[in-house]
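File shown: model-v1.txt (compact mmCIF, C-alpha atoms).
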# COMPACT_ATOMS: atom_id res chain seq x y z
CA HIS X 925 -7.43 16.96 -3.21
CA GLU X 926 -4.68 19.03 -4.81
CA ASP X 927 -7.04 20.40 -7.45
CA CYS X 928 -9.30 21.69 -4.64
CA ASN X 929 -6.54 22.73 -2.24
CA ARG X 930 -7.18 26.17 -0.75
CA VAL X 931 -3.50 26.49 0.19
CA LYS X 932 -1.72 28.07 -2.77
CA SER X 933 1.67 28.68 -1.17
CA LYS X 934 2.85 25.75 0.95
CA PRO X 935 5.32 26.46 3.76
CA TYR X 936 7.98 23.99 4.86
CA VAL X 937 6.65 21.98 7.82
CA GLU X 938 8.95 19.84 9.93
CA ASP X 939 8.03 16.29 10.86
CA PHE X 940 6.29 16.26 14.25
CA GLU X 941 7.05 13.77 17.01
CA GLY X 942 4.47 13.29 19.78
CA ALA X 943 6.45 11.14 22.24
CA GLY X 944 6.26 12.61 25.76
CA MET X 945 3.14 14.66 25.00
CA ALA X 946 -0.46 13.94 25.90
CA ASP X 947 -2.12 12.24 22.94
CA GLY X 948 -4.77 14.93 22.62
CA ASP X 949 -2.18 17.72 22.42
CA ALA X 950 -0.04 15.79 19.93
CA ALA X 951 -3.07 15.10 17.73
CA ILE X 952 -4.05 18.78 17.67
CA GLU X 953 -0.55 19.94 16.79
CA SER X 954 -0.23 17.29 14.07
CA TRP X 955 -3.51 18.39 12.49
CA ARG X 956 -2.63 22.08 12.67
CA ARG X 957 0.59 21.36 10.81
CA HIS X 958 -1.34 19.32 8.24
CA LEU X 959 -3.65 22.30 7.59
CA LEU X 960 -0.67 24.51 6.74
CA ARG X 961 -0.25 22.56 3.49
CA HIS X 962 -3.60 20.84 2.98
CA ASP X 963 -7.05 22.49 3.15
CA SER X 964 -9.83 21.30 0.85
CA ILE X 965 -13.27 19.70 0.86
CA ILE X 966 -11.44 16.34 0.90
CA VAL X 967 -9.64 17.37 4.09
CA ASP X 968 -12.92 18.63 5.55
CA HIS X 969 -14.87 15.39 5.17
CA CYS X 970 -12.67 12.52 3.93
CA GLN X 971 -9.55 12.58 6.12
CA GLY X 972 -8.90 11.37 9.65
CA MET X 973 -5.87 10.50 11.77
CA HIS X 974 -4.36 7.33 13.13
CA ARG X 975 -1.83 7.02 15.93
CA SER X 976 1.40 5.24 15.04
CA HIS X 977 3.52 3.85 17.90
CA VAL X 978 6.92 2.39 16.98
CA THR X 979 9.30 0.81 19.53
CA CYS X 980 12.94 -0.15 18.97
CA PRO X 981 13.55 -3.77 20.06
CA LEU X 982 17.18 -3.00 20.94
CA CYS X 983 17.08 0.16 23.07
CA GLY X 984 13.35 0.64 23.68
CA LYS X 985 13.18 4.09 22.05
CA GLU X 986 9.61 5.04 21.18
CA SER X 987 8.22 7.14 18.36
CA ILE X 988 4.62 8.35 18.44
CA LYS X 989 3.17 10.14 15.45
CA PHE X 990 -0.31 11.11 14.32
CA ASP X 991 -0.60 10.52 10.59
CA VAL X 992 -3.39 11.71 8.31
CA TYR X 993 -5.19 9.16 6.14
CA SER X 994 -7.77 9.33 3.36
CA SER X 995 -8.46 5.60 3.36
CA ILE X 996 -7.78 2.77 5.79
CA SER X 997 -5.91 -0.23 4.40
CA LEU X 998 -7.20 -3.31 6.18
CA PRO X 999 -5.37 -6.64 6.20
CA ILE X 1000 -7.64 -9.58 5.43
CA ALA X 1001 -7.89 -11.73 8.56
CA PRO X 1002 -7.72 -15.56 8.48
CA LYS X 1003 -11.02 -17.37 7.88
CA LYS X 1004 -11.10 -19.32 11.17
CA ASP X 1005 -13.01 -22.26 9.62
CA ARG X 1006 -15.76 -19.99 8.28
CA SER X 1007 -17.00 -19.44 4.76
CA ALA X 1008 -16.53 -15.68 5.10
CA ILE X 1009 -14.53 -13.18 7.16
CA PRO X 1010 -16.31 -10.48 9.20
CA LEU X 1011 -15.08 -6.93 8.63
CA SER X 1012 -14.63 -6.68 12.41
CA ASP X 1013 -11.89 -9.34 12.22
CA CYS X 1014 -10.04 -7.21 9.67
CA LEU X 1015 -10.38 -4.13 11.89
CA GLU X 1016 -9.01 -6.04 14.89
CA LYS X 1017 -6.08 -7.31 12.84
CA PHE X 1018 -5.38 -3.73 11.73
CA THR X 1019 -4.93 -2.66 15.37
CA GLU X 1020 -2.69 -5.61 16.28
CA GLY X 1021 1.01 -4.96 16.71
CA GLU X 1022 3.34 -6.14 13.98
CA GLN X 1023 7.06 -6.76 13.81
CA LEU X 1024 8.50 -4.91 10.83
CA ASP X 1025 10.65 -7.03 8.53
CA GLU X 1026 14.00 -6.08 7.04
CA HIS X 1027 12.29 -4.70 3.94
CA ASN X 1028 10.34 -2.18 6.06
CA ALA X 1029 12.91 -1.53 8.78
CA TRP X 1030 12.65 1.62 10.93
CA TYR X 1031 15.65 3.88 11.58
CA CYS X 1032 16.34 4.27 15.31
CA THR X 1033 18.14 7.54 16.03
CA ASN X 1034 19.47 6.12 19.32
CA CYS X 1035 20.99 2.99 17.81
CA ARG X 1036 21.76 4.81 14.55
CA GLU X 1037 20.70 1.84 12.48
CA HIS X 1038 17.64 0.35 10.82
CA VAL X 1039 15.84 -2.13 13.09
CA CYS X 1040 12.88 -4.50 12.82
CA ALA X 1041 10.76 -2.45 15.20
CA LEU X 1042 7.39 -3.24 16.77
CA LYS X 1043 4.70 -1.05 15.22
CA MET X 1044 1.16 -0.51 16.47
CA LEU X 1045 -1.58 1.46 14.71
CA ALA X 1046 -4.79 2.80 16.22
CA LEU X 1047 -7.49 5.06 14.83
CA TRP X 1048 -7.61 8.44 16.51
CA SER X 1049 -10.46 9.95 14.47
CA VAL X 1050 -12.73 9.01 11.57
CA PRO X 1051 -14.08 11.34 8.84
CA ASP X 1052 -17.62 11.80 7.52
CA VAL X 1053 -16.77 9.70 4.46
CA LEU X 1054 -14.90 6.58 5.54
CA ILE X 1055 -13.11 4.49 2.90
CA PHE X 1056 -11.73 1.01 3.54
CA HIS X 1057 -9.18 -0.58 1.24
CA LEU X 1058 -9.10 -4.37 1.59
CA LYS X 1059 -5.52 -5.52 1.08
CA ARG X 1060 -6.20 -8.30 -1.41
CA PHE X 1061 -2.78 -8.19 -3.03
CA THR X 1062 0.25 -9.57 -1.20
CA TYR X 1063 3.89 -9.30 -2.14
CA GLU X 1064 6.17 -11.91 -0.57
CA HIS X 1065 9.96 -11.67 -0.86
CA THR X 1066 11.53 -15.05 -1.62
CA THR X 1067 14.94 -16.22 -2.80
CA GLY X 1068 13.51 -16.37 -6.30
CA GLY X 1069 12.18 -12.81 -6.20
CA VAL X 1070 8.87 -11.19 -5.31
CA VAL X 1071 5.81 -13.46 -5.39
CA ARG X 1072 2.50 -11.66 -6.00
CA ARG X 1073 -0.75 -13.20 -4.85
CA LYS X 1074 -4.39 -12.14 -4.69
CA ILE X 1075 -6.61 -13.03 -1.73
CA GLU X 1076 -10.15 -13.72 -2.92
CA ASP X 1077 -11.73 -14.65 0.43
CA LYS X 1078 -15.13 -13.08 0.99
CA VAL X 1079 -15.22 -10.32 3.62
CA VAL X 1080 -18.69 -9.70 5.06
CA PHE X 1081 -19.32 -6.03 5.83
CA PRO X 1082 -22.46 -4.28 7.15
CA ILE X 1083 -24.74 -2.37 4.78
CA GLU X 1084 -26.25 -0.36 7.63
CA GLY X 1085 -25.07 0.55 11.12
CA LEU X 1086 -21.30 0.12 11.02
CA ASP X 1087 -20.31 1.34 14.50
CA MET X 1088 -16.64 2.36 14.79
CA SER X 1089 -16.82 3.48 18.44
CA ASP X 1090 -14.76 0.56 19.78
CA TYR X 1091 -11.88 1.28 17.42
CA ILE X 1092 -11.40 5.01 18.10
CA LEU X 1093 -8.91 6.34 20.66
CA GLY X 1094 -9.82 10.01 20.33
CA PRO X 1095 -12.86 11.90 21.63
CA ILE X 1096 -16.28 11.10 20.14
CA ASP X 1097 -18.87 13.81 19.50
CA PRO X 1098 -22.37 12.59 20.52
CA ALA X 1099 -23.84 14.93 17.90
CA ALA X 1100 -21.91 13.10 15.15
CA PRO X 1101 -21.35 9.52 16.36
CA PRO X 1102 -19.07 7.22 14.32
CA VAL X 1103 -21.94 5.13 12.90
CA TYR X 1104 -21.95 4.61 9.14
CA LYS X 1105 -23.96 3.26 6.25
CA LEU X 1106 -22.49 1.79 3.09
CA PHE X 1107 -23.00 3.74 -0.13
CA GLY X 1108 -20.56 2.10 -2.53
CA VAL X 1109 -18.35 -0.89 -3.26
CA SER X 1110 -15.62 -1.10 -5.91
CA GLU X 1111 -14.94 -4.68 -6.99
CA HIS X 1112 -11.90 -6.08 -8.78
CA SER X 1113 -11.69 -9.25 -10.84
CA GLY X 1114 -8.37 -10.51 -12.18
CA PRO X 1115 -5.07 -11.94 -10.92
CA THR X 1116 -3.07 -8.74 -10.21
CA ALA X 1117 -3.61 -5.09 -9.30
CA ASN X 1118 -2.19 -4.02 -12.66
CA SER X 1119 -4.66 -6.05 -14.68
CA GLY X 1120 -8.25 -7.23 -14.51
CA HIS X 1121 -11.60 -5.49 -14.50
CA TYR X 1122 -13.35 -3.11 -12.11
CA THR X 1123 -17.09 -2.91 -11.40
CA ALA X 1124 -19.09 -0.98 -8.81
CA THR X 1125 -22.18 -1.41 -6.62
CA VAL X 1126 -23.55 2.01 -5.61
CA ARG X 1127 -26.46 3.35 -3.55
CA ASN X 1128 -28.42 6.24 -5.07
CA SER X 1129 -28.36 9.12 -2.56
CA LYS X 1130 -31.85 10.31 -3.54
CA ASN X 1131 -33.98 7.17 -3.66
CA GLY X 1132 -31.77 4.79 -1.66
CA GLU X 1133 -31.83 2.14 -4.40
CA TRP X 1134 -28.74 0.13 -5.33
CA TYR X 1135 -27.28 -0.07 -8.83
CA ARG X 1136 -24.65 -2.23 -10.46
CA TYR X 1137 -22.17 -0.55 -12.83
CA ASN X 1138 -20.18 -2.62 -15.33
CA ASP X 1139 -18.64 -0.43 -18.04
CA SER X 1140 -21.61 1.05 -19.93
CA ASN X 1141 -24.09 -1.42 -18.40
CA VAL X 1142 -26.17 -0.30 -15.41
CA GLY X 1143 -28.79 -2.37 -13.61
CA GLN X 1144 -30.69 -2.34 -10.33
CA THR X 1145 -29.39 -4.62 -7.59
CA SER X 1146 -29.04 -4.80 -3.78
CA GLY X 1147 -26.32 -3.73 -1.37
CA GLU X 1148 -25.72 -7.36 -0.42
CA ALA X 1149 -24.75 -8.07 -4.04
CA GLY X 1150 -21.54 -6.13 -3.43
CA ILE X 1151 -20.40 -8.58 -0.73
CA THR X 1152 -18.15 -10.79 -2.84
CA GLY X 1153 -14.61 -12.09 -2.87
CA GLY X 1154 -13.80 -9.27 -5.29
CA ALA X 1155 -14.87 -6.37 -3.02
CA TYR X 1156 -11.83 -4.10 -2.97
CA LEU X 1157 -12.87 -0.63 -1.77
CA LEU X 1158 -15.74 0.07 0.66
CA PHE X 1159 -17.30 3.54 0.88
CA TYR X 1160 -19.21 4.54 4.03
CA LYS X 1161 -20.97 7.74 5.05
CA ARG X 1162 -21.68 9.01 8.57
CA VAL X 1163 -25.37 8.51 9.37
CA LYS X 1164 -25.93 11.40 11.79
CA GLY X 1165 -24.31 14.83 11.99
CA VAL X 1166 -21.20 16.30 10.42
CA ALA X 1167 -17.73 16.25 11.96
CA ARG X 1168 -15.45 18.53 9.96
CA TRP X 1169 -11.81 17.49 10.04
CA ALA X 1170 -12.97 14.21 11.61
CA GLY X 1171 -14.06 16.15 14.70
CA MET X 1172 -10.85 18.16 15.12
CA GLU X 1173 -12.60 21.44 14.29
CA LYS X 1174 -14.96 21.10 17.28
CA ILE X 1175 -12.12 20.07 19.58
CA MET X 1176 -10.08 23.15 18.67
CA THR X 1177 -13.10 25.47 18.75
CA ASP X 1178 -14.06 24.24 22.22
CA GLY X 1179 -10.45 24.66 23.36
CA GLN X 1180 -10.17 28.12 21.74
CA ILE X 1181 -7.18 26.92 19.73
CA ASN X 1182 -6.29 28.57 16.43
CA PRO X 1183 -6.33 25.73 13.85
CA HIS X 1184 -4.19 27.68 11.38
CA GLY X 1185 -1.43 28.87 13.71
CA ALA X 1186 0.85 25.86 14.00
CA LEU X 1187 4.03 27.71 13.05
CA GLU X 1188 3.21 30.97 14.82
CA SER X 1189 1.79 29.82 18.15
CA ASP X 1190 2.07 26.92 20.58
CA LYS X 1191 -0.67 24.46 21.55
CA ASP X 1192 -2.08 26.93 24.10
CA GLY X 1193 -2.42 29.66 21.49
CA PHE X 1194 0.51 31.82 22.67
CA VAL X 1195 2.33 33.61 19.89
CA ALA X 1196 6.11 33.62 19.90
CA VAL X 1197 7.57 37.13 20.22
CA LYS X 1198 10.02 37.94 17.45
CA THR X 1199 13.12 39.90 18.37
CA LYS X 1200 13.63 43.19 16.64
CA LYS X 1201 16.50 43.55 14.24
CA PRO X 1202 19.21 45.91 15.53
CA LYS X 1203 19.32 49.28 13.84
CA LYS X 1204 22.22 49.92 11.55
CA LYS X 1205 24.66 52.50 12.80
CA LEU X 1206 25.05 55.53 10.60
Represent the structure contained in this file as structure tokens.
Amino acid sequence: HEDCNRVKSKPYVEDFEGAGMADGDAAIESWRRHLLRHDSIIVDHCQGMHRSHVTCPLCGKESIKFDVYSSISLPIAPKKDRSAIPLSDCLEKFTEGEQLDEHNAWYCTNCREHVCALKMLALWSVPDVLIFHLKRFTYEHTTGGVVRRKIEDKVVFPIEGLDMSDYILGPIDPAAPPVYKLFGVSEHSGPTANSGHYTATVRNSKNGEWYRYNDSNVGQTSGEAGITGGAYLLFYKRVKGVARWAGMEKIMTDGQINPHGALESDKDGFVAVKTKKPKKKL
């Protein structure tokens, strides 16, 4: 992204808090601030936003933020007495609330201390190129130190017709529905993230055929061949239409909102009037 970034001089942008605002307004303002420092072809087609909602268990203070993502890290759900885990189970687990532990505590400005807050994530928008990262590596803190483990359970994911509609909180454009087809899988073999071997199963964009890549070896295969216990990264592409900025461009165009005016104007497009400097007395 940085090599393609159209922004050459990055301004300082304060962290934005959306508590007390309508979600749609908070999402727009968050994206406008993002564009002040990040504007590239990656931003155009590979980034979306999720809504983060954190609640203090002591005083009930809430924090709502809209964070930009380039990939979605999915926890691997339990098997439930099945030989494989559907991707839908991982998506549902992603949207479940979690209690933060002491190693990931959140600072509550009301209590003025770090607390094990309740955190909930939800997808607000999804980009044209959707990347899933399956969290196969776990790090557990024990009295003897950090224990690293790899989860090699098979996650079954669709080759065609992945519909994300049920997982999106934000508006959906009928001209560019959130329905995707798989075009690549990156697989990892080995005990840890710092070692092992990577291979890839990729769909040719011109003829639609699938190919297996293993170092310098390339051979024809099928999309189903990528569904293994080593599947690590999943690459999907929107089937119909284009939604620049994960649909935020259309939302701001329809609302006549300047996407590049986050520091100069408010959410309604009004520009703040600057006071004139007093003239020096002679």
*Using all atoms listed in the file: which of X:Lys1043, X:His958, X:Lys1004, X:Arg1036 has the shortest distance to X:Glu986*: X:Lys1043
For X:Gly1143: contacts at 10 Å, all atoms listed in the file, fewer than 5 positions along chain excluded, given as a PDB file with C-alpha atoms, in the frame of the given file:
ATOM      1  CA  THR X1125     -22.180  -1.410  -6.620  1.00  0.00           C
ATOM      2  CA  TRP X1134     -28.740   0.130  -5.330  1.00  0.00           C
ATOM      3  CA  TYR X1135     -27.280  -0.070  -8.830  1.00  0.00           C
ATOM      4  CA  ARG X1136     -24.650  -2.230 -10.460  1.00  0.00           C
ATOM      5  CA  TYR X1137     -22.170  -0.550 -12.830  1.00  0.00           C
ATOM      6  CA  ASN X1138     -20.180  -2.620 -15.330  1.00  0.00           C
TER       7      ASN X1138
END
Nearby residues (all atoms listed in the file) at most 8 Å from stretch 1109-1117 of chain X, same-chain spacing under 3 positions excluded, as an mmCIF file with C-alpha atoms, in the frame of the given file:
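Contents of around19.cif, as written:
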data_model
loop_
_atom_site.group_PDB
_atom_site.id
_atom_site.type_symbol
_atom_site.label_atom_id
_atom_site.label_comp_id
_atom_site.auth_asym_id
_atom_site.auth_seq_id
_atom_site.Cartn_x
_atom_site.Cartn_y
_atom_site.Cartn_z
ATOM 1 C CA PHE X 1061 -2.780 -8.190 -3.030
ATOM 2 C CA ARG X 1072 2.500 -11.660 -6.000
ATOM 3 C CA ARG X 1073 -0.750 -13.200 -4.850
ATOM 4 C CA LYS X 1074 -4.390 -12.140 -4.690
ATOM 5 C CA GLY X 1120 -8.250 -7.230 -14.510
ATOM 6 C CA HIS X 1121 -11.600 -5.490 -14.500
ATOM 7 C CA TYR X 1122 -13.350 -3.110 -12.110
ATOM 8 C CA THR X 1123 -17.090 -2.910 -11.400
ATOM 9 C CA ALA X 1124 -19.090 -0.980 -8.810
ATOM 10 C CA THR X 1125 -22.180 -1.410 -6.620
ATOM 11 C CA VAL X 1126 -23.550 2.010 -5.610
ATOM 12 C CA GLY X 1150 -21.540 -6.130 -3.430
ATOM 13 C CA GLY X 1154 -13.800 -9.270 -5.290
ATOM 14 C CA ALA X 1155 -14.870 -6.370 -3.020
ATOM 15 C CA TYR X 1156 -11.830 -4.100 -2.970
ATOM 16 C CA LEU X 1157 -12.870 -0.630 -1.770
ATOM 17 C CA LEU X 1158 -15.740 0.070 0.660
ATOM 18 C CA PHE X 1159 -17.300 3.540 0.880
#
_Between atom CA of X:Ser997 and atom CA of X:Leu960 - distance in Å to one decimal_ = 25.4 Å
*atom CA of X:Cys928 to atom CA of X:Arg975: how many Å, to one decimal?*
26.3 Å
Per residue of stretch 1108-1203 of chain X within 10 Å of stretch 1080-1091 of chain X, note the shortest atom pair and the distance in Å to one decimal, counting all atoms listed in the file, and order the rows by chain and increasing residue number, as JSON lines.
{"residue": "X:Gly1108", "atom": "CA", "partner": "X:Ile1083", "partner_atom": "CA", "distance": 9.5}
{"residue": "X:Ser1146", "atom": "CA", "partner": "X:Ile1083", "partner_atom": "CA", "distance": 9.9}
{"residue": "X:Gly1147", "atom": "CA", "partner": "X:Ile1083", "partner_atom": "CA", "distance": 6.5}
{"residue": "X:Glu1148", "atom": "CA", "partner": "X:Ile1083", "partner_atom": "CA", "distance": 7.3}
{"residue": "X:Gly1150", "atom": "CA", "partner": "X:Phe1081", "partner_atom": "CA", "distance": 9.5}
{"residue": "X:Ile1151", "atom": "CA", "partner": "X:Val1080", "partner_atom": "CA", "distance": 6.1}
{"residue": "X:Thr1152", "atom": "CA", "partner": "X:Val1080", "partner_atom": "CA", "distance": 8.0}
{"residue": "X:Gly1153", "atom": "CA", "partner": "X:Val1080", "partner_atom": "CA", "distance": 9.2}
{"residue": "X:Ala1155", "atom": "CA", "partner": "X:Val1080", "partner_atom": "CA", "distance": 9.5}
{"residue": "X:Leu1158", "atom": "CA", "partner": "X:Phe1081", "partner_atom": "CA", "distance": 8.8}
{"residue": "X:Tyr1160", "atom": "CA", "partner": "X:Leu1086", "partner_atom": "CA", "distance": 8.5}
{"residue": "X:Lys1161", "atom": "CA", "partner": "X:Leu1086", "partner_atom": "CA", "distance": 9.7}
{"residue": "X:Arg1162", "atom": "CA", "partner": "X:Leu1086", "partner_atom": "CA", "distance": 9.2}
{"residue": "X:Val1163", "atom": "CA", "partner": "X:Gly1085", "partner_atom": "CA", "distance": 8.2}
_Please return as an MDAnalysis selection string every residue within 12 Å of (-8.7, 19.6, 4.0), taking into account all atoms listed in the file and the file's own coordinates._
chainID X and resid 925:931 955:972 992:994 1051 1168:1170 1172:1173 1183:1184
*Quote the spacing between atom CA of X:Asp1097 and atom CA of X:Gly1171 in Å to one decimal place.*
7.2 Å
_From the options X:Pro1098, X:Gly948, X:Gly1021, X:Pro935, which residue's atoms come nearest to X:His977, counting only C-alpha atoms?_
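Among the listed residues, the smallest separation from X:His977 belongs to X:Gly1021.
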Put a box with edges along x, y and z around all the listed atoms of stretch 1014-1030 of chain X, pad it by 8 Å on each side, then give me its centre and sizes in Å, one decimal, as lines of an AutoDock Vina configuration file.
center_x = 1.8
center_y = -2.8
center_z = 10.3
size_x = 40.4
size_y = 24.9
size_z = 28.8
*Using all atoms listed in the file, which residue out of X:Gly1185, X:Pro999, X:Pro1095, X:Pro1101 lies closest to X:Lys1059?*
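That would be X:Pro999, the residue with the smallest distance to X:Lys1059.
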